[in-house]
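Heads up: the structure comes next, in structure tokens.
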Amino acid sequence: MMVETVLSRSVRLICASGLALGMQAAVAQNTDAPIQRVEITGSSIKRISAEGALPVQTLSKLQIEQSGASNVADLIATLPSMQGFTTSSMSVNGGGGGLQTASIHSIGEGYTLVLLNGRRLAPATSGSTVNLASIPLAAVERVEILTDGANTLYGSDAIAGVVNFILKKNQTDAIVEASYNQPRSSGGATSTASISKGWGDLDKDGFNLLLSASHDESKASYARERDFSQSGVIPFTANGKAYSLYQLSSNSIPGVATVKYTKADGTPSSAAFSPNLFATGTCNGANLFKVGNRCLYDYAATVENTPGLKRDSGFASLNFKLNENTNFFAEGLISSFSNTAQYAAPAQPLGVPLSSALYAKSIAPYLARLGITNPASVTSVAMNLRLVDAGGRADEYKTIAKHLALGVDGSFKGLDYRAAYTHSENKQTDTAAGGYMSLNAFDALVTSGKFDPFAPPGTSKDVLAPAVLHNQLSETKSKIDMVQASASTEVFQLPAGAAQLALGADFTRQAYSEAPDAFTQGQNKQQPNFTDAIVGGSAGALPIDASRKNWGTYGELLLPVLKNMDLTVSGRYDDFSAVTNDKNFDADGNLIAPGKQGESASKATYKLALRWNPVESVLIRGSYGTGFKAPTMSNIVKPLVNGGSSQFHACPITSASDPRFKLCNPGSSEYGLLTGGNASVGAGALKPEESKQATLGIRVEPISSLSLGFDLWDVKLRNQIQTLSEDLVFNNPAIYDSLLRTYFDPIQKQNVLVAALTPFNLASSHYQGIDWDHTYKTNTTLGKVAVQWTGTFMTKAEQETPGSGVEKNIGRFNSYANVTFRWISKLTASLNTGRFTHALTANYHSGYTDQVYNEDDSVVREVLADGSLGDYVPMKRQVASYTTFDWQTKAQLSKQFTLIAGVKNIADIAPPFTIRNAGGGNQSGYDGRYTDPLGRQFYLTGSYKF
């Protein structure tokens with residue numbers, strides 16, 4: 001009787017909703033078995049898993065294997081719909097902070113919601129951005145990607161879409177898996193191992209317990225190992241002319257001195273030189289290039305291309321039938337992930353006291369040679385150092401993630417229900433793993449004469465070793481506690497079938513804290529007696545201890561309008577409290593009483609989705625909805641602190657009468673950045689961002705073996721919370737004059753010019769494109785042939801900011817140092833002979849306009865006819881498209897044993913050349929965010945089931 005009830009209800013769903021092309025025929029062929037209804041990502045109504053009104057991409061276990069990915073982040077990066085995410089290589093030089101993220105359609109990682117079995121994970125930030133590195137690939141059964149907004153079901157942050165990782169369930173076998181990946185070069189090898197075991201079949205035994213453990217590790221790879229990245233000086237041609245990328249640093253060893261002085265007419269001036277070059281006539285040391293009076297350092301030759309990664313994780317799940325209609329579930333995940341990223345040796349401007357022995361020895365003798373005839377006119381001297389003997393700077397970013405979810409789901413008198421509690425937490429530490437130094441200890445070495453900053457490197461490792469730091473620089477904690485409940489049922493009959501209604505509610509408490517150590521904070525009003533600072537890093541951080549609560553309620557109504565058409569109407573109301581901050585600082589850095597910051601926010605959103613089968617072989621679907629995104633807690637409570645160094649800019653202060661003019665550096669130079677939140681209340685408070693999303697799709701199956709699918713999508717954002725890019729601030733000083741400030745740098749021990757970058761509701765964005773997914777399957781004499789072609793074509797990716805107009809970002813390196821590709825596609829052809837499955841995959845990224853320079857940027861030099869280098873020149877060029885091919889063979893050697901062998905990037909295609917010096921990571925000659933520097937890679941994976 002139960003079988004008949006489930007079957008009859010499923011048939012009604014098929015007929016009323018048209019949820020699968022040709023599904024009626026499939027039901028007719030197998031009327032003896034119940035058809036199970038499941039919950040699909042993007043909907044709270046259980047239904048037959050098939051094509052619905054929303055564009056959901058599913059990566060099966062086979063597709064996960066065919067990707068050759070060794071971790072979740074690499075898997076997500078293979079999807080054409082993914083752009084704008086954080087990669088592991090971006091942590092080289094600290095830009096990625098140890099994170100690996102997802103971003104749908106280049107809209108941004110903060111707008112893409114990542115779920116685990118349909119439930120939220122603790123973010124790595126104060127918003128919702130999840131570190132994918134915390135999810136073990138060995139425990140993943142499949143991945144569902146909703147490429148449409150889902151605010152009405154999941155709440156804030158799901159504007160771009162949802163990535164839902166579905167973990168293994170109801171496994172009874174023991175499975176052991178191991179893999180090894182070896183690139184052509186010596187670095188970058190990856191090894192993985194996992195074991196999982198299940199007990200009990202849920203349907204037969206009424207329970208299932210599954211335990212899984214895994215370990216994976218990737219060795220670091222280095223820029224010096226590949227021709228395309230081994231130097232910041234790279235010859236190239238553009239428009240038939242010869243040029244050279246000349247990406248060098250004035251932070252050098254032997255040190256470079258910048259002398260600031262006053263001319264006879266009273267105007268300030270400066271001169272830079274390398275004292276050791278003046279003394280010896282040559283540049284003494286590795287990775288040095290002589291430019292005028294200076295020896296500049298080739299830092300790009302010393303960095304990593306990819307960092308070292310290590311992950312240990314464990315997963316457990318229990319499903320237990322309390323009775324025939326009720327199931328109890330519990331799942332737990334614990335993961336320890338480390339990303340150890342090493343880049344160039346410490347680079348930091350430091351002051352040289354005019355009364356010091358160092359000044360008398362290395363600066364004063366060369367003043368006349370610099371044209372400074374009056375020694376008394378010298379006002380200050382800074383030395384730009386590259387402390388090679390201290391070792392390359394390295395950060396070990398370690399993340400401990402814990403996730404627990406438990407609850408019940410079941411049915412009662414036609415009502416499907418679920419209730420769950422989720423506790424998820426994420427702790428990340430940043431530990432100095434090499435290179436960083438104590439300023440006091442270093443100053444003592446310089447003052448005592450034990451270390452000469454203007455002497456060649458190679459003899460001072462033992463001298464500098466006592467000054468090298470090994471302490472934990474910061475600790476970040478993120479935690480969510482969430483209670484959610486939902487139920488769905490048939491509510492009334494329409495001529496075409498039964499209407500279904502789902503209602504749900506959830507409550508979340510989110511907490512976030514940052515605890516910088518004494519060195520990372522530096523001397524401030526909280527630790528006035530701390531007089532030390534970190535060399536090679538930045539000081540000025542302040543702690544955060546914030547929390548807030550939010551609740552939401554939602555409804556979804558599925559209406560079978562016609563036998564071949566259904567309409568889904570859904571809505572949600574969310575309410576966010578103001579942020580409670582227990583580490584509350586005023587604008588001057590004084591700790592004040594804990595309290596509320598920012599404003600509370602509430603918003604109702606809605607979504608309409610239509611699915612229509614005009615004929616059995618054609619599916620037309622569309623949706624329109626609204627969304628909103630609450631400001632992250634960091635957007636509000638983060639104090640204004642040192643944000644590191646800018647890229648190279650000409651000084652934005654041009655009037656000699658401006659008191660800030662004296663802080664200008666000659667030519668193109670780095671300046672300081674201050675970053676922080678916006679804790680205003682009332683009219684100046686940050687407001688939620690708002691969005692409108694729409695999709696229109698078609699899927700056609702002209703024959704049973706061919707399926708063609710297109711989805712046009714459109715996302716508009718307004719009141720977008722945005723921090724102005726440094727390019728906008730430095731290039732438009734008249735507009736952003738108030739953001740150019742004087743700041744006392746605790747390391748240089750003097751005032752410097754900085755740009756203060758804080759968030760405002762100042763932008764609107766528009767993203768639009770077409771996703772496609774075509775498949776063809778047929779039987780041949782050789783075996784089963786399958787071809788799948790997926791891709792994304794971007795038609796719009798633009799942002800409008802007051803005062804700077806509309807910036808169109810497709811196919812160009814934009815002012816935020818990012819690229820949105822016009823085309824990304826992936827084509828896979830496979831042949832299954834029974835025992836063997838062979839697959840060939842082509843991956844394609846279109847080309848784009850490179851970072852644009854003028855001669856003042858001092859990055860590109862002309863190569864003269866005799867081969868010598870001429871002046872710095874402006875440059876605008878195109879980065880070539882990027883195509884690679886992968887091969888894989890899967891052998892089912894027995895029922896228990898499976899072996900997979902493959903080659904990534906068969907032709908060992910090098911990443912396309914780029915002259916960019918901004919964006920993630922610190923590499924030169926290529927962009928590690930969009931290409932793989934490991935080149936050809938061979939991998940072998942074995943799986944044994946028993």
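We label chains A, B, ... in the order they appear in the structure tokens, count residues from 1 in each chain, and number ligands from 1 in the order shown.
Excluding A:Asp856 and any residue on its chain fewer than 6 positions from it, the residues at most 12 Å away by only C-alpha atoms are Phe648, His649, Ala650, Cys651, Pro666, Gly667, Ser668, Ser669, Asp871, Tyr872, Val873, Pro874 and Met875 of chain A.
Looking only at stretch 93-257 of chain A, the set that DSSP places in alpha helix (DSSP H) from backbone geometry is Asn151, Thr152, Leu153, Tyr154, Leu202, Asp203, Lys204 and Asp205 of chain A.
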Could you write out the selected residues, including N, CA and C atoms, as an mmCIF file, in the first residue's frame?
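Generated output (again-v3.cif):
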data_model
loop_
_atom_site.group_PDB
_atom_site.id
_atom_site.type_symbol
_atom_site.label_atom_id
_atom_site.label_comp_id
_atom_site.auth_asym_id
_atom_site.auth_seq_id
_atom_site.Cartn_x
_atom_site.Cartn_y
_atom_site.Cartn_z
ATOM 1 N N ASN A 151 18.000 33.564 -2.812
ATOM 2 C CA ASN A 151 17.788 34.265 -1.546
ATOM 3 C C ASN A 151 16.507 33.839 -0.848
ATOM 4 N N THR A 152 15.461 33.548 -1.629
ATOM 5 C CA THR A 152 14.168 33.260 -1.001
ATOM 6 C C THR A 152 14.190 31.957 -0.220
ATOM 7 N N LEU A 153 15.133 31.072 -0.509
ATOM 8 C CA LEU A 153 15.242 29.837 0.261
ATOM 9 C C LEU A 153 16.349 29.914 1.299
ATOM 10 N N TYR A 154 17.514 30.375 0.895
ATOM 11 C CA TYR A 154 18.682 30.314 1.768
ATOM 12 C C TYR A 154 19.014 31.635 2.456
ATOM 13 N N LEU A 202 20.320 1.531 5.191
ATOM 14 C CA LEU A 202 19.215 2.281 5.792
ATOM 15 C C LEU A 202 17.868 1.665 5.468
ATOM 16 N N ASP A 203 17.680 1.194 4.235
ATOM 17 C CA ASP A 203 16.391 0.629 3.845
ATOM 18 C C ASP A 203 16.178 -0.761 4.433
ATOM 19 N N LYS A 204 17.237 -1.566 4.505
ATOM 20 C CA LYS A 204 17.091 -2.948 4.985
ATOM 21 C C LYS A 204 17.270 -3.061 6.497
ATOM 22 N N ASP A 205 18.274 -2.354 7.027
ATOM 23 C CA ASP A 205 18.611 -2.506 8.442
ATOM 24 C C ASP A 205 18.072 -1.388 9.316
#
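Ranking A:Ser88, A:Ser486, A:Asp409, A:Leu869 by their shortest atom-to-atom distance to A:Thr306, with only C-alpha atoms included, puts A:Ser88 first.
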Could you pull out the residues in stretch 401-460 of chain A that DSSP calls strand (DSSP E or B) from the backbone, as a short mmCIF file (atom, residue, chain, number, x, y, z; two decimals) with C-alpha atoms, in the first residue's frame?
data_model
loop_
_atom_site.label_atom_id
_atom_site.label_comp_id
_atom_site.auth_asym_id
_atom_site.auth_seq_id
_atom_site.Cartn_x
_atom_site.Cartn_y
_atom_site.Cartn_z
CA ALA A 401 37.11 23.54 10.76
CA LYS A 402 34.47 21.75 12.82
CA HIS A 403 30.95 21.10 11.63
CA LEU A 404 28.08 19.28 13.33
CA ALA A 405 24.50 18.93 12.08
CA LEU A 406 21.70 16.80 13.46
CA GLY A 407 17.97 16.62 13.09
CA VAL A 408 15.00 14.65 11.84
CA ASP A 409 13.17 14.39 8.56
CA GLY A 410 10.17 12.38 7.53
CA SER A 411 6.54 12.43 6.51
CA PHE A 412 3.28 12.46 8.37
CA LEU A 415 3.36 16.28 5.13
CA ASP A 416 7.11 16.16 4.42
CA TYR A 417 9.11 17.85 7.16
CA ARG A 418 12.64 18.51 8.32
CA ALA A 419 14.15 20.10 11.41
CA ALA A 420 17.87 20.55 12.00
CA TYR A 421 20.42 22.19 14.24
CA THR A 422 23.83 23.15 12.87
CA HIS A 423 26.93 24.20 14.77
CA SER A 424 29.89 25.12 12.61
CA GLU A 425 33.12 26.85 13.52
CA ASN A 426 36.28 27.86 11.76
CA LYS A 427 39.58 28.93 13.35
CA GLN A 428 42.45 30.24 11.27
CA THR A 429 45.91 31.17 12.48
CA ASP A 430 48.68 32.96 10.63
CA THR A 431 52.11 31.97 11.94
CA ALA A 432 55.40 33.48 10.84
CA ALA A 433 57.20 30.53 9.23
CA GLY A 434 60.30 32.39 8.06
CA MET A 437 61.93 40.04 11.77
CA SER A 438 61.73 42.04 14.97
#
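For the choices A:Gln63, A:Ser196, A:Asn732, A:Asn584, the atom-to-atom distance to A:Pro652 is smallest for A:Asn732 when using only C-alpha atoms.
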Non-local contacts of stretch 902-918 of chain A (8 Å; only C-alpha atoms; under 4 positions in same chain excluded) as a count of residues only: 33
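Note that atom CA of A:Gly127 and atom CA of A:Met794 are 26.6 Å apart.
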Write out as a ChimeraX atom specification which residues come within 7 Å of A:Ser547 when counting only C-alpha atoms, dropping same-chain ones fewer than 3 positions away. /A:510-512,579-581
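Around stretch 106-122 of chain A, within 7 Å and counting only C-alpha atoms, the residues found are Met82, Gln83, Gly84, Phe85, Thr101, Ser128, Thr129, Val130, Asp157, Ala158, Ile159, Ala160, Gly161, Val162, Val163, Asn164, Phe165, Ile166, Leu167, Ser424, Glu425, Asn426, Ser478, Lys479, Ile480 and Thr820 of chain A, once anything fewer than 5 positions away on its own chain is removed.
Between atom CA of A:Gly94 and atom CA of A:Gln923 the separation is 12.2 Å.
Using only C-alpha atoms, the smallest distance between any of A:Ile534, A:Ile653, A:Ala498, A:Ala213 and A:Asn440 comes from A:Ile534.
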If you count only C-alpha atoms, the residue of A:Ala455, A:Ile592, A:Leu708, A:Val291 closest to A:Val787 turns out to be A:Leu708
Might you pull out every residue within 9 Å of A:Asp745, with only C-alpha atoms counted and same-chain residues fewer than 6 positions away left off, and present them as a PDB file with N, CA and C atoms, in the first residue's frame?
ATOM      1  N   ALA A 539      52.108  46.610  10.414  1.00  0.00           N
ATOM      2  CA  ALA A 539      51.618  46.794  11.775  1.00  0.00           C
ATOM      3  C   ALA A 539      50.379  47.678  11.718  1.00  0.00           C
ATOM      4  N   GLY A 540      49.721  47.813  12.843  1.00  0.00           N
ATOM      5  CA  GLY A 540      48.565  48.691  12.927  1.00  0.00           C
ATOM      6  C   GLY A 540      47.249  47.963  13.033  1.00  0.00           C
ATOM      7  N   ASN A 642      46.448  49.738   9.277  1.00  0.00           N
ATOM      8  CA  ASN A 642      47.424  49.627   8.196  1.00  0.00           C
ATOM      9  C   ASN A 642      47.022  48.497   7.264  1.00  0.00           C
ATOM     10  N   GLY A 672      51.457  53.849   1.286  1.00  0.00           N
ATOM     11  CA  GLY A 672      50.728  53.047   2.258  1.00  0.00           C
ATOM     12  C   GLY A 672      49.230  53.056   1.999  1.00  0.00           C
ATOM     13  N   ASN A 751      56.324  60.057   9.308  1.00  0.00           N
ATOM     14  CA  ASN A 751      55.059  60.221   8.607  1.00  0.00           C
ATOM     15  C   ASN A 751      55.201  59.797   7.145  1.00  0.00           C
ATOM     16  N   VAL A 752      54.159  59.139   6.626  1.00  0.00           N
ATOM     17  CA  VAL A 752      54.142  58.734   5.223  1.00  0.00           C
ATOM     18  C   VAL A 752      52.784  59.092   4.643  1.00  0.00           C
TER      19      VAL A 752
END
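Computed from the coordinates, the atom CA of A:Arg611 to atom CA of A:Leu717 distance equals 25.5 Å.
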For A:Ser617: contacts at 9 Å, only C-alpha atoms, fewer than 3 positions along chain excluded, given as a CSV table (one decimal) with C-alpha atoms, in the first residue's frame:
chain,number,residue,atom,x,y,z
A,21,LEU,CA,11.7,15.1,-20.3
A,22,GLY,CA,10.5,11.7,-21.3
A,613,ASN,CA,7.1,21.6,-21.9
A,614,PRO,CA,5.5,22.8,-25.1
A,699,ARG,CA,16.7,22.5,-23.3
A,700,VAL,CA,16.0,20.5,-26.5
A,701,GLU,CA,16.2,16.8,-27.0
A,702,PRO,CA,15.6,16.3,-30.8
A,703,ILE,CA,16.6,12.6,-30.4
A,704,SER,CA,17.1,10.5,-27.3
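In this comparison, which uses only C-alpha atoms, the residue of A:Gly676, A:Gly149, A:Gly921, A:Pro254 approaching A:Val303 most closely is A:Gly921.
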